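*Asks:* Have a peek at start_23.cif (mmCIF, C-alpha atoms).
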```cif
data_input
loop_
_atom_site.label_atom_id
_atom_site.label_comp_id
_atom_site.auth_asym_id
_atom_site.auth_seq_id
_atom_site.Cartn_x
_atom_site.Cartn_y
_atom_site.Cartn_z
CA MET A 1 53.06 182.33 -8.55
CA ALA A 2 56.80 181.66 -8.77
CA THR A 3 57.72 178.13 -7.77
CA ASP A 4 60.77 179.24 -5.79
CA ARG A 5 59.30 182.09 -3.76
CA ILE A 6 56.92 182.53 -0.82
CA ARG A 7 54.65 185.57 -0.93
CA ALA A 8 53.40 187.49 2.07
CA SER A 9 51.27 190.60 2.24
CA TYR A 10 51.28 193.20 5.00
CA LEU A 11 49.37 196.24 6.15
CA ILE A 12 51.80 198.92 7.33
CA GLU A 13 51.55 202.36 8.88
CA THR A 14 54.50 204.76 8.80
CA PRO A 15 55.40 208.46 8.66
CA GLU A 16 58.02 207.64 6.04
CA PRO A 17 57.57 206.83 2.33
CA PRO A 18 56.01 203.34 2.11
CA GLU A 19 58.42 202.46 -0.72
CA LYS A 20 61.38 203.03 1.59
CA VAL A 21 59.81 201.05 4.43
CA ALA A 22 58.94 198.13 2.12
CA GLU A 23 62.58 197.88 1.06
CA VAL A 24 63.65 197.92 4.71
CA MET A 25 61.22 195.08 5.41
CA ALA A 26 62.53 193.03 2.48
CA GLY A 27 66.14 193.56 3.44
CA GLU A 28 65.70 192.98 7.17
CA GLN A 29 63.94 189.64 6.61
CA SER A 30 66.43 188.30 4.07
CA CYS A 31 70.11 189.17 3.54
CA GLY A 32 70.28 192.79 4.67
CA THR A 33 70.49 195.00 7.73
CA PHE A 34 70.38 198.77 8.27
CA THR A 35 73.50 199.26 6.13
CA ARG A 36 75.30 197.29 3.43
CA VAL A 37 78.05 195.10 4.87
CA GLU A 38 81.16 193.36 3.57
CA GLY A 39 80.26 190.27 1.58
CA GLU A 40 76.80 191.53 0.64
CA THR A 41 77.57 191.45 -3.06
CA ASP A 42 75.18 192.14 -5.89
CA ALA A 43 75.29 188.43 -6.76
CA LEU A 44 74.36 187.44 -3.20
CA ARG A 45 71.53 189.97 -3.18
CA ALA A 46 70.18 188.68 -6.47
CA ARG A 47 70.10 185.18 -5.04
CA ALA A 48 68.96 185.75 -1.45
CA ARG A 49 67.21 189.09 -1.07
CA ALA A 50 63.47 189.34 -0.62
CA THR A 51 61.68 191.35 -3.30
CA VAL A 52 59.01 194.02 -2.96
CA GLU A 53 56.34 192.90 -5.41
CA SER A 54 53.74 195.65 -4.98
CA ILE A 55 52.74 198.61 -2.84
CA VAL A 56 49.22 200.03 -2.68
CA GLU A 57 48.87 203.18 -0.63
CA LEU A 58 45.69 203.65 1.42
CA GLU A 59 44.08 206.52 3.27
CA PRO A 60 46.38 207.92 5.98
CA ALA A 61 45.59 207.84 9.70
CA ALA A 62 45.15 210.87 11.91
CA SER A 63 47.47 209.51 14.60
CA PRO A 64 49.86 206.58 15.06
CA SER A 65 48.25 203.27 15.96
CA LEU A 66 51.12 202.08 18.18
CA PRO A 67 53.84 203.77 20.23
CA ASN A 68 57.33 203.88 18.70
CA ALA A 69 60.22 205.24 20.73
CA LEU A 70 62.47 205.70 17.68
CA LEU A 71 59.91 207.76 15.79
CA GLU A 72 59.22 209.77 18.93
CA ARG A 73 62.95 210.53 19.33
CA LYS A 74 63.02 211.65 15.71
CA GLY A 75 60.05 213.93 16.33
CA ALA A 76 57.89 212.28 13.68
CA ARG A 77 54.62 214.13 13.26
CA GLY A 78 53.01 212.28 10.40
CA PRO A 79 51.11 212.07 8.17
CA TRP A 80 50.75 208.44 9.21
CA ARG A 81 50.69 206.78 5.81
CA ARG A 82 49.16 203.35 5.39
CA ALA A 83 49.84 200.87 2.60
CA ARG A 84 49.47 197.24 1.61
CA VAL A 85 52.85 195.74 0.81
CA ASP A 86 53.43 192.44 -0.99
CA ILE A 87 56.87 190.83 -0.53
CA SER A 88 58.27 187.57 -1.89
CA PHE A 89 60.98 185.54 -0.15
CA PRO A 90 63.30 182.96 -1.72
CA VAL A 91 62.40 179.42 -0.66
CA ALA A 92 66.12 178.60 -0.59
CA ASN A 93 66.63 181.03 2.31
CA ILE A 94 64.35 178.94 4.51
CA GLY A 95 64.12 175.33 3.41
CA ALA A 96 61.59 172.98 4.96
CA ASN A 97 61.89 174.72 8.32
CA LEU A 98 58.56 175.88 9.74
CA PRO A 99 59.88 177.92 12.70
CA THR A 100 62.24 179.77 10.37
CA LEU A 101 59.44 180.36 7.87
CA VAL A 102 57.45 182.02 10.65
CA ALA A 103 60.48 184.04 11.75
CA THR A 104 60.94 185.18 8.15
CA VAL A 105 57.41 186.31 7.29
CA ALA A 106 56.81 187.77 10.76
CA GLY A 107 59.66 187.93 13.28
CA ASN A 108 61.42 191.27 13.76
CA LEU A 109 59.13 193.07 11.33
CA TYR A 110 56.86 193.95 14.25
CA ASP A 111 59.73 195.80 15.95
CA LEU A 112 60.90 197.89 13.00
CA GLY A 113 61.55 201.50 13.96
CA GLU A 114 60.07 202.77 10.70
CA VAL A 115 56.51 201.60 11.43
CA SER A 116 53.77 202.67 13.81
CA GLY A 117 51.74 199.63 12.79
CA LEU A 118 52.33 196.36 10.92
CA ARG A 119 50.13 193.34 10.37
CA LEU A 120 50.79 190.13 8.43
CA GLU A 121 47.72 189.64 6.25
CA THR A 122 48.32 186.65 3.96
CA VAL A 123 50.88 183.95 3.21
CA HIS A 124 50.89 182.03 -0.09
CA LEU A 125 53.14 179.09 -0.88
CA PRO A 126 54.25 177.34 -4.07
CA ALA A 127 52.93 173.77 -4.31
CA ALA A 128 56.37 172.16 -4.29
CA TYR A 129 57.23 173.96 -1.08
CA ARG A 130 53.93 173.07 0.62
CA ALA A 131 54.59 169.41 -0.24
CA ARG A 132 57.70 169.45 1.96
CA PHE A 133 55.59 169.83 5.11
CA GLU A 134 53.11 167.70 7.05
CA LEU A 135 49.59 167.06 5.81
CA PRO A 136 46.52 166.28 7.93
CA ARG A 137 46.48 162.60 8.83
CA VAL A 138 42.71 162.56 9.40
CA GLY A 139 41.20 165.77 8.07
CA ILE A 140 37.53 166.24 7.23
CA ALA A 141 36.83 162.85 5.65
CA GLY A 142 38.75 160.92 8.30
CA THR A 143 36.95 162.69 11.12
CA ARG A 144 33.62 161.77 9.58
CA ARG A 145 34.70 158.14 9.21
CA ALA A 146 35.96 157.90 12.78
CA CYS A 147 32.70 159.30 14.15
CA GLY A 148 30.51 157.34 11.74
CA VAL A 149 28.80 160.50 10.47
CA GLU A 150 28.25 160.34 6.71
CA SER A 151 26.16 163.49 6.44
CA GLY A 152 25.15 166.46 8.53
CA ALA A 153 27.20 168.61 10.85
CA LEU A 154 29.15 166.90 13.60
CA VAL A 155 27.65 167.94 16.92
CA GLY A 156 30.25 168.35 19.61
CA THR A 157 30.51 169.54 23.16
CA ILE A 158 33.07 170.57 25.75
CA ILE A 159 33.59 169.12 29.21
CA LYS A 160 31.90 171.51 31.62
CA PRO A 161 32.77 172.56 34.30
CA ASN A 162 35.99 173.48 32.47
CA VAL A 163 38.19 172.09 35.23
CA GLY A 164 37.68 170.56 38.66
CA PHE A 165 36.17 167.12 37.99
CA SER A 166 38.04 164.00 39.06
CA ALA A 167 38.89 161.36 36.48
CA ALA A 168 35.86 159.31 37.57
CA GLU A 169 33.52 162.32 37.44
CA THR A 170 34.81 163.22 33.97
CA ALA A 171 34.25 159.67 32.76
CA GLU A 172 30.72 159.64 34.16
CA LEU A 173 29.91 162.87 32.29
CA VAL A 174 31.45 161.53 29.08
CA GLY A 175 29.28 158.43 29.36
CA ARG A 176 26.17 160.60 29.69
CA LEU A 177 27.24 162.75 26.75
CA CYS A 178 27.80 159.67 24.59
CA ASP A 179 24.32 158.46 25.48
CA ALA A 180 23.01 161.94 24.67
CA GLY A 181 24.09 161.47 21.05
CA VAL A 182 27.10 163.73 20.56
CA ASP A 183 29.68 162.95 17.89
CA PHE A 184 32.62 164.74 19.48
CA ILE A 185 33.74 165.73 23.00
CA LYS A 186 36.74 167.82 23.90
CA ASP A 187 38.56 168.92 27.01
CA ASP A 188 38.68 172.61 27.79
CA GLU A 189 41.94 174.36 26.98
CA VAL A 190 42.63 174.98 30.68
CA CYS A 191 42.27 171.32 31.61
CA ALA A 192 45.26 169.28 30.44
CA ASN A 193 47.00 167.28 33.17
CA PRO A 194 45.70 168.65 36.49
CA ASP A 195 46.58 167.07 39.81
CA HIS A 196 42.95 166.18 40.53
CA ALA A 197 42.45 164.40 37.15
CA PRO A 198 45.83 163.49 35.62
CA LEU A 199 45.77 162.14 32.09
CA ALA A 200 47.22 158.85 33.34
CA ALA A 201 43.93 158.31 35.21
CA ARG A 202 41.53 160.36 33.08
CA VAL A 203 42.27 158.80 29.69
CA PRO A 204 41.63 155.17 30.77
CA ALA A 205 38.51 156.15 32.70
CA VAL A 206 37.03 158.21 29.86
CA MET A 207 37.90 155.67 27.18
CA ALA A 208 36.28 152.89 29.20
CA ALA A 209 33.05 154.89 28.97
CA VAL A 210 33.57 155.52 25.24
CA ARG A 211 34.26 151.85 24.53
CA ALA A 212 31.24 150.73 26.55
CA HIS A 213 29.04 153.05 24.52
CA GLN A 214 30.56 151.80 21.28
CA GLU A 215 29.98 148.18 22.28
CA ARG A 216 26.33 148.92 23.02
CA THR A 217 25.58 151.07 19.99
CA GLY A 218 28.36 150.64 17.44
CA LYS A 219 29.00 154.40 17.62
CA HIS A 220 32.52 155.73 18.30
CA VAL A 221 32.51 159.16 19.91
CA MET A 222 35.69 161.10 19.19
CA VAL A 223 37.22 162.58 22.34
CA ALA A 224 39.89 165.28 21.99
CA PHE A 225 42.05 164.88 25.08
CA ASN A 226 43.97 168.05 25.90
CA ILE A 227 47.58 166.87 25.98
CA THR A 228 49.16 170.36 25.89
CA ASP A 229 52.58 170.02 27.52
CA GLU A 230 56.26 169.93 26.67
CA THR A 231 56.98 167.86 23.59
CA ASP A 232 58.13 164.56 25.10
CA ALA A 233 55.17 164.56 27.49
CA MET A 234 52.75 165.18 24.61
CA LYS A 235 54.17 162.17 22.79
CA ARG A 236 53.66 160.00 25.87
CA HIS A 237 50.13 161.29 26.35
CA ALA A 238 49.28 160.62 22.69
CA ASP A 239 50.58 157.07 23.02
CA LEU A 240 48.33 156.53 26.05
CA VAL A 241 45.28 157.79 24.15
CA ALA A 242 46.11 155.47 21.23
CA ARG A 243 46.55 152.45 23.54
CA GLU A 244 43.15 153.10 25.07
CA GLY A 245 41.46 153.19 21.67
CA GLY A 246 41.14 156.96 21.39
CA SER A 247 41.08 158.80 18.07
CA CYS A 248 41.99 162.43 18.83
CA VAL A 249 44.22 164.67 20.89
CA MET A 250 44.08 168.41 21.36
CA ALA A 251 46.85 170.94 21.88
CA SER A 252 47.02 174.68 22.47
CA LEU A 253 48.85 175.71 19.31
CA ASN A 254 50.29 179.03 20.42
CA TRP A 255 51.87 177.64 23.56
CA CYS A 256 53.18 174.35 22.15
CA GLY A 257 54.80 176.05 19.18
CA HIS A 258 55.20 175.10 15.55
CA ALA A 259 58.08 172.72 16.15
CA GLY A 260 56.23 171.00 19.00
CA MET A 261 53.17 170.44 16.84
CA GLN A 262 55.29 169.14 13.96
CA THR A 263 56.92 166.64 16.30
CA LEU A 264 53.54 165.53 17.63
CA ARG A 265 52.14 165.16 14.09
CA ARG A 266 55.07 162.99 13.04
CA HIS A 267 54.70 160.87 16.17
CA THR A 268 51.01 160.00 16.16
CA PRO A 269 48.33 159.06 13.61
CA LEU A 270 45.59 160.44 15.87
CA ALA A 271 43.56 163.44 14.77
CA LEU A 272 45.14 166.69 15.96
CA HIS A 273 42.58 169.19 17.24
CA GLY A 274 44.25 172.59 17.02
CA HIS A 275 43.04 175.03 19.68
CA ARG A 276 43.94 178.63 18.95
CA ASN A 277 43.50 180.13 22.45
CA GLY A 278 45.58 183.29 22.63
CA PHE A 279 44.93 184.15 18.99
CA GLY A 280 43.16 187.32 20.09
CA ALA A 281 46.45 188.68 21.43
CA LEU A 282 47.90 188.20 17.95
CA SER A 283 44.97 189.47 15.92
CA ARG A 284 42.58 191.88 17.61
CA HIS A 285 44.48 195.09 16.89
CA PRO A 286 43.90 196.06 13.23
CA LEU A 287 47.49 197.35 12.82
CA LEU A 288 49.35 194.63 14.68
CA GLY A 289 49.81 190.88 14.61
CA ILE A 290 48.48 188.39 12.11
CA SER A 291 45.26 187.66 10.23
CA PHE A 292 43.67 184.21 10.37
CA GLN A 293 44.53 183.46 6.74
CA ALA A 294 48.25 183.73 7.47
CA TYR A 295 47.89 182.15 10.91
CA GLN A 296 46.08 179.02 9.73
CA THR A 297 48.41 178.66 6.74
CA LEU A 298 51.41 178.34 9.04
CA TRP A 299 49.67 175.95 11.45
CA ARG A 300 48.37 173.75 8.65
CA LEU A 301 51.97 173.14 7.65
CA ALA A 302 52.32 171.40 11.01
CA GLY A 303 49.65 168.88 9.97
CA VAL A 304 46.68 169.73 12.19
CA ASP A 305 43.29 168.21 11.32
CA HIS A 306 40.88 170.64 13.03
CA MET A 307 41.15 174.41 13.56
CA HIS A 308 39.07 176.57 15.88
CA VAL A 309 37.37 179.56 14.26
CA HIS A 310 35.09 180.68 17.14
CA GLY A 311 31.37 180.89 16.41
CA LEU A 312 28.71 183.08 14.83
CA GLN A 313 26.76 185.32 17.20
CA GLY A 314 29.02 183.93 19.93
CA LYS A 315 30.39 185.17 23.23
CA PHE A 316 33.79 186.35 21.96
CA SER A 317 34.89 189.58 20.31
CA GLN A 318 35.29 188.50 16.68
CA PRO A 319 32.65 189.81 14.24
CA ASP A 320 30.69 187.24 12.28
CA ASP A 321 32.34 188.10 8.96
CA GLU A 322 35.73 187.23 10.46
CA VAL A 323 34.43 183.86 11.69
CA ILE A 324 32.98 183.12 8.24
CA ALA A 325 36.21 184.07 6.47
CA SER A 326 38.17 181.88 8.90
CA ALA A 327 36.01 178.86 8.14
CA ARG A 328 36.41 179.41 4.41
CA ASP A 329 40.17 179.56 4.88
CA CYS A 330 40.02 176.10 6.48
CA TYR A 331 38.10 174.77 3.47
CA THR A 332 40.58 176.24 0.97
CA PRO A 333 43.60 174.11 -0.05
CA LEU A 334 46.83 175.98 0.54
CA THR A 335 48.01 175.16 -2.99
CA GLU A 336 46.60 173.56 -6.11
CA GLY A 337 46.84 169.80 -6.34
CA ILE A 338 47.12 169.08 -2.60
CA ASP A 339 44.00 168.36 -0.52
CA ASP A 340 45.05 169.67 2.87
CA ARG A 341 41.70 171.07 3.97
CA VAL A 342 40.97 170.98 7.69
CA MET A 343 37.71 170.83 9.61
CA PRO A 344 36.68 174.13 11.23
CA ALA A 345 35.47 173.92 14.83
CA PHE A 346 32.75 176.45 15.63
CA SER A 347 32.79 177.17 19.34
CA SER A 348 31.95 179.96 21.84
CA GLY A 349 28.40 180.49 23.01
CA GLN A 350 26.90 178.18 20.39
CA TRP A 351 23.42 176.69 20.78
CA ALA A 352 20.44 175.79 18.59
CA GLY A 353 19.67 179.46 18.02
CA THR A 354 23.03 180.12 16.31
CA VAL A 355 22.57 177.26 13.84
CA PRO A 356 20.59 179.18 11.15
CA ALA A 357 23.25 181.89 10.86
CA THR A 358 25.96 179.24 10.66
CA TRP A 359 24.24 177.29 7.90
CA ALA A 360 23.33 180.43 5.96
CA ALA A 361 26.93 181.64 6.02
CA ILE A 362 28.80 178.36 5.48
CA ARG A 363 26.36 176.15 3.50
CA SER A 364 28.37 173.12 4.51
CA ASP A 365 27.98 170.25 6.96
CA ASP A 366 31.74 169.73 7.15
CA LEU A 367 32.22 171.32 10.54
CA LEU A 368 32.33 170.64 14.24
CA PHE A 369 29.47 172.53 15.85
CA MET A 370 30.71 172.78 19.43
CA SER A 371 28.16 173.59 22.12
CA GLY A 372 28.98 173.50 25.82
CA GLY A 373 26.26 175.23 27.77
CA GLY A 374 23.88 174.91 24.84
CA ILE A 375 23.89 171.15 25.44
CA LEU A 376 24.79 170.70 29.09
CA ALA A 377 22.52 173.50 30.37
CA HIS A 378 19.41 172.54 28.39
CA PRO A 379 16.53 172.38 30.90
CA GLN A 380 15.74 168.80 29.90
CA GLY A 381 19.37 167.65 30.00
CA PRO A 382 22.16 166.94 27.50
CA ALA A 383 20.16 164.59 25.26
CA ALA A 384 17.57 167.31 24.73
CA GLY A 385 20.35 169.82 24.11
CA VAL A 386 21.80 167.63 21.37
CA ALA A 387 18.34 167.02 19.91
CA SER A 388 17.64 170.76 19.81
CA ILE A 389 20.80 171.39 17.77
CA ARG A 390 20.05 168.58 15.32
CA GLN A 391 16.47 169.85 14.96
CA ALA A 392 17.76 173.37 14.32
CA TRP A 393 20.25 172.09 11.76
CA ALA A 394 17.56 170.15 9.88
CA ALA A 395 15.32 173.20 9.88
CA ALA A 396 18.06 175.50 8.62
CA ARG A 397 18.98 173.13 5.80
CA ALA A 398 15.30 172.93 4.80
CA GLY A 399 14.87 176.71 4.91
CA THR A 400 12.37 176.48 7.76
CA PRO A 401 12.36 179.26 10.39
CA LEU A 402 13.21 177.94 13.85
CA ALA A 403 9.96 179.27 15.28
CA ASP A 404 8.03 177.14 12.80
CA ALA A 405 10.21 174.07 13.33
CA ALA A 406 9.86 174.40 17.11
CA ARG A 407 6.12 173.70 16.90
CA GLU A 408 6.97 170.08 16.12
CA ALA A 409 10.22 169.91 18.08
CA PRO A 410 9.79 170.32 21.85
CA GLU A 411 13.52 170.22 22.61
CA LEU A 412 14.14 173.06 20.16
CA ALA A 413 11.19 175.02 21.52
CA LEU A 414 12.50 174.76 25.07
CA ALA A 415 16.01 175.72 23.98
CA MET A 416 14.67 178.84 22.27
CA GLU A 417 12.65 179.77 25.31
CA PHE A 418 15.50 179.15 27.76
CA PHE A 419 18.61 180.34 25.88
CA GLY A 420 16.88 182.95 23.75
CA LYS A 421 16.37 185.16 26.82
CA ARG A 422 20.10 185.35 27.57
#
```
Could you spell out this file's structure in structure tokens?

*Replies:*
Amino acid sequence: MATDRIRASYLIETPEPPEKVAEVMAGEQSCGTFTRVEGETDALRARARATVESIVELEPAASPSLPNALLERKGARGPWRRARVDISFPVANIGANLPTLVATVAGNLYDLGEVSGLRLETVHLPAAYRARFELPRVGIAGTRRACGVESGALVGTIIKPNVGFSAAETAELVGRLCDAGVDFIKDDEVCANPDHAPLAARVPAVMAAVRAHQERTGKHVMVAFNITDETDAMKRHADLVAREGGSCVMASLNWCGHAGMQTLRRHTPLALHGHRNGFGALSRHPLLGISFQAYQTLWRLAGVDHMHVHGLQGKFSQPDDEVIASARDCYTPLTEGIDDRVMPAFSSGQWAGTVPATWAAIRSDDLLFMSGGGILAHPQGPAAGVASIRQAWAAARAGTPLADAAREAPELALAMEFFGKR
């Protein structure tokens, strides 16, 4: 691709000619507006205007996907034509400015009066431009090193109940989870700095339990403390985690913003666990929002180390093929020559029974397999829950059906009996 242009692809729906709409999109997101203005010379356009690279028309829709007051005032009746549109934007228009990059490839496009549907599908960057942004500080290899896991999937869990424990109660649970054999523990996205367990008390209490376990066993368990907050507070929280010997912090990406995450990345060497809660609002409608490929591209420019992708056969709405594609996006460098891969976190209703589908689809151990209830609700306790997942993972890698493996693995057998009925 051109070294001085960013390419983005879109799915659009419109009652107007797609070629006309594509040119409106290119103009609106670069140097133009609804009419040519003074100073918008041919030379300026040649330098600064976005370019329509391709248009592929698809089957039309029977009715508009989204309401549009302008089209309704015009009495538009269709046909509702759909097309894939590829547009390139000059790097010089944007510079190394992540919020403006997002505003350029997305922004007001969603509000255009010409469309009854628009979705950002992909974003591709030239290598020189990608190099101007943050890289993961820890990434896949660093996460493995920090947790002392050379091979196999990293088994993680989530503090449950989601919220409500005191700092001391949280620390006691973390200690039990460390003893149970997990590699990774994270806060829930709704538990950041609550009055009943403020980070100022929770971080020291939890890390005392983590350090005690490490002193006994030599094993460091990575804890992703949810430090979601305004930017200065996140920096203070990250400093506290670092002082206490922690290795990871978590933030809700959509609510902290691209600039907030960039600031946090530049401030701390800790692993950044990127939680995507709210992504469904941006992605679930097929003719609105943003696909995960484009979404994770933009967040990886902020330097995150882990990205949530949900889980196979899980409790959320995403189909399995979307989860699989999301994980593969995390494994794919954004450009040639730069290793900026991030570790996908599989989470949402995961337990030993979802392991075979995960292994069959991903064929990689480089992931966080996050199980909350699948560990904490195991009838024999968290240690048995962890054991059941590791037993399932070993069986899947060996090509052994879980039912056969369970004959020699009582924790797995009990998990299948207990969770398999739900």

*Asks:* Ranking A:Val386, A:Leu125, A:Leu135, A:Ala392 by minimum distance to A:Asp404 and counting all atoms listed in the file, which one comes first?

*Replies:* A:Ala392

*Asks:* Would you mind telling me which residue in A:Leu288, A:Ala406, A:Ile140, A:Ala8 lies nearest to A:Pro64 when using all atoms listed in the file?

*Replies:*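 For A:Pro64, the nearest of the candidates is A:Leu288.
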
*Asks:* For the file shown, what are the residues hit by the PyMOL selection byres ((chain A and resi 367) around 12), laid out as number ranges by chain?

*Replies:* A: 139-141, 143-144, 149, 151-156, 183-184, 305-311, 327-328, 330-331, 341-347, 355, 358-359, 362-366, 368-370

*Asks:* Provide the atom CA of A:Val210 to atom CA of A:Val174 distance in Å, to one decimal place.

*Replies:*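 Distance between the two atoms: 7.4 Å.
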
*Asks:* Expand the PyMOL selection byres ((chain A and resi 416) around 9) into the individual residues it matches in the shown file, reporting them as a PDB file with C-alpha atoms, in the coordinates of the input.

*Replies:*
```
ATOM      1  CA  ALA A 352      20.440 175.790  18.590  1.00  0.00           C
ATOM      2  CA  GLY A 353      19.670 179.460  18.020  1.00  0.00           C
ATOM      3  CA  SER A 388      17.640 170.760  19.810  1.00  0.00           C
ATOM      4  CA  LEU A 402      13.210 177.940  13.850  1.00  0.00           C
ATOM      5  CA  ALA A 403       9.960 179.270  15.280  1.00  0.00           C
ATOM      6  CA  ALA A 406       9.860 174.400  17.110  1.00  0.00           C
ATOM      7  CA  GLU A 411      13.520 170.220  22.610  1.00  0.00           C
ATOM      8  CA  LEU A 412      14.140 173.060  20.160  1.00  0.00           C
ATOM      9  CA  ALA A 413      11.190 175.020  21.520  1.00  0.00           C
ATOM     10  CA  LEU A 414      12.500 174.760  25.070  1.00  0.00           C
ATOM     11  CA  ALA A 415      16.010 175.720  23.980  1.00  0.00           C
ATOM     12  CA  GLU A 417      12.650 179.770  25.310  1.00  0.00           C
ATOM     13  CA  PHE A 418      15.500 179.150  27.760  1.00  0.00           C
ATOM     14  CA  PHE A 419      18.610 180.340  25.880  1.00  0.00           C
ATOM     15  CA  GLY A 420      16.880 182.950  23.750  1.00  0.00           C
ATOM     16  CA  LYS A 421      16.370 185.160  26.820  1.00  0.00           C
TER      17      LYS A 421
END
```

*Asks:* Show me the residues close to (25.7, 173.6, 28.1) - anything with an atom within 12 Å, counting only C-alpha atoms - and format the list as a CSV table (one decimal) with C-alpha atoms, keeping the file's coordinate frame.

*Replies:*
```csv
chain,number,residue,atom,x,y,z
A,156,GLY,CA,30.2,168.4,19.6
A,157,THR,CA,30.5,169.5,23.2
A,158,ILE,CA,33.1,170.6,25.8
A,159,ILE,CA,33.6,169.1,29.2
A,160,LYS,CA,31.9,171.5,31.6
A,161,PRO,CA,32.8,172.6,34.3
A,162,ASN,CA,36.0,173.5,32.5
A,177,LEU,CA,27.2,162.8,26.8
A,347,SER,CA,32.8,177.2,19.3
A,348,SER,CA,32.0,180.0,21.8
A,349,GLY,CA,28.4,180.5,23.0
A,350,GLN,CA,26.9,178.2,20.4
A,351,TRP,CA,23.4,176.7,20.8
A,352,ALA,CA,20.4,175.8,18.6
A,370,MET,CA,30.7,172.8,19.4
A,371,SER,CA,28.2,173.6,22.1
A,372,GLY,CA,29.0,173.5,25.8
A,373,GLY,CA,26.3,175.2,27.8
A,374,GLY,CA,23.9,174.9,24.8
A,375,ILE,CA,23.9,171.2,25.4
A,376,LEU,CA,24.8,170.7,29.1
A,377,ALA,CA,22.5,173.5,30.4
A,378,HIS,CA,19.4,172.5,28.4
A,379,PRO,CA,16.5,172.4,30.9
A,380,GLN,CA,15.7,168.8,29.9
A,381,GLY,CA,19.4,167.6,30.0
A,382,PRO,CA,22.2,166.9,27.5
A,383,ALA,CA,20.2,164.6,25.3
A,384,ALA,CA,17.6,167.3,24.7
A,385,GLY,CA,20.4,169.8,24.1
A,386,VAL,CA,21.8,167.6,21.4
A,388,SER,CA,17.6,170.8,19.8
A,389,ILE,CA,20.8,171.4,17.8
A,415,ALA,CA,16.0,175.7,24.0
A,418,PHE,CA,15.5,179.2,27.8
A,419,PHE,CA,18.6,180.3,25.9
```

*Asks:* My list of candidates is A:Arg236, A:Arg284, A:Lys315, A:His258. Which is closest to A:Trp299 when distances are computed with only C-alpha atoms?

*Replies:* A:His258

*Asks:* One number please: atom CA of A:Pro286 to atom CA of A:Pro18, in Å, one decimal.

*Replies:*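 Separating atom CA of A:Pro286 from atom CA of A:Pro18 is a distance of 18.0 Å.
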
*Asks:* Rounded to one decimal, what separation in Å do you get between atom CA of A:Arg49 and atom CA of A:Arg300?

*Replies:*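 Calculated distance between atom CA of A:Arg49 and atom CA of A:Arg300 is 26.2 Å.
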
*Asks:* As a ChimeraX atom specification, please: the residues near A:His273 (cut-off 7 Å, all atoms listed in the file, same-chain neighbours under 2 positions excluded).

*Replies:* /A:224,248-251,271,275,304-307

*Asks:* Selection from above, C-alpha atoms, as a short mmCIF file (atom, residue, chain, number, x, y, z; two decimals), in the coordinates of the input, can you write it?

*Replies:*
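Writing the result to again31.cif gives the following:
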```cif
data_model
loop_
_atom_site.label_atom_id
_atom_site.label_comp_id
_atom_site.auth_asym_id
_atom_site.auth_seq_id
_atom_site.Cartn_x
_atom_site.Cartn_y
_atom_site.Cartn_z
CA ALA A 224 39.89 165.28 21.99
CA CYS A 248 41.99 162.43 18.83
CA VAL A 249 44.22 164.67 20.89
CA MET A 250 44.08 168.41 21.36
CA ALA A 251 46.85 170.94 21.88
CA ALA A 271 43.56 163.44 14.77
CA HIS A 275 43.04 175.03 19.68
CA VAL A 304 46.68 169.73 12.19
CA ASP A 305 43.29 168.21 11.32
CA HIS A 306 40.88 170.64 13.03
CA MET A 307 41.15 174.41 13.56
#
```

*Asks:* So which residues fall inside 12 Å of (49.1, 204.4, 7.5) if we count all atoms listed in the file? Mind giving them as an MDAnalysis selection string?

*Replies:* chainID A and resid 10:18 21 56:66 78:85 114:119 286:287

*Asks:* Smallest atom-to-atom distance to A:Glu23: which of A:Glu150, A:Glu40, A:Asp86, A:Glu336, using only C-alpha atoms?

*Replies:*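 Under the stated criterion, the closest residue is A:Asp86.
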
*Asks:* List the residues matched by the PyMOL selection byres ((chain A and resi 270) around 8) in the displayed structure as a PDB file with C-alpha atoms, in the coordinates of the input, ordered by chain and then by residue number.

*Replies:*
```
ATOM      1  CA  ARG A 137      46.480 162.600   8.830  1.00  0.00           C
ATOM      2  CA  VAL A 138      42.710 162.560   9.400  1.00  0.00           C
ATOM      3  CA  ALA A 238      49.280 160.620  22.690  1.00  0.00           C
ATOM      4  CA  ALA A 242      46.110 155.470  21.230  1.00  0.00           C
ATOM      5  CA  GLY A 246      41.140 156.960  21.390  1.00  0.00           C
ATOM      6  CA  SER A 247      41.080 158.800  18.070  1.00  0.00           C
ATOM      7  CA  CYS A 248      41.990 162.430  18.830  1.00  0.00           C
ATOM      8  CA  VAL A 249      44.220 164.670  20.890  1.00  0.00           C
ATOM      9  CA  THR A 268      51.010 160.000  16.160  1.00  0.00           C
ATOM     10  CA  PRO A 269      48.330 159.060  13.610  1.00  0.00           C
ATOM     11  CA  ALA A 271      43.560 163.440  14.770  1.00  0.00           C
ATOM     12  CA  LEU A 272      45.140 166.690  15.960  1.00  0.00           C
TER      13      LEU A 272
END
```

*Asks:* My list of candidates is A:Phe133, A:His196, A:Ser166, A:Arg266. Which is closest to A:Asn97 when distances are computed with only C-alpha atoms?

*Replies:* A:Phe133

*Asks:* Counting all atoms listed in the file, figure out which residue out of A:Ser9, A:Gln214, A:Thr51, A:Thr400 gets nearest to A:Asp179.

*Replies:*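 Closest to A:Asp179 of all the choices is A:Gln214.
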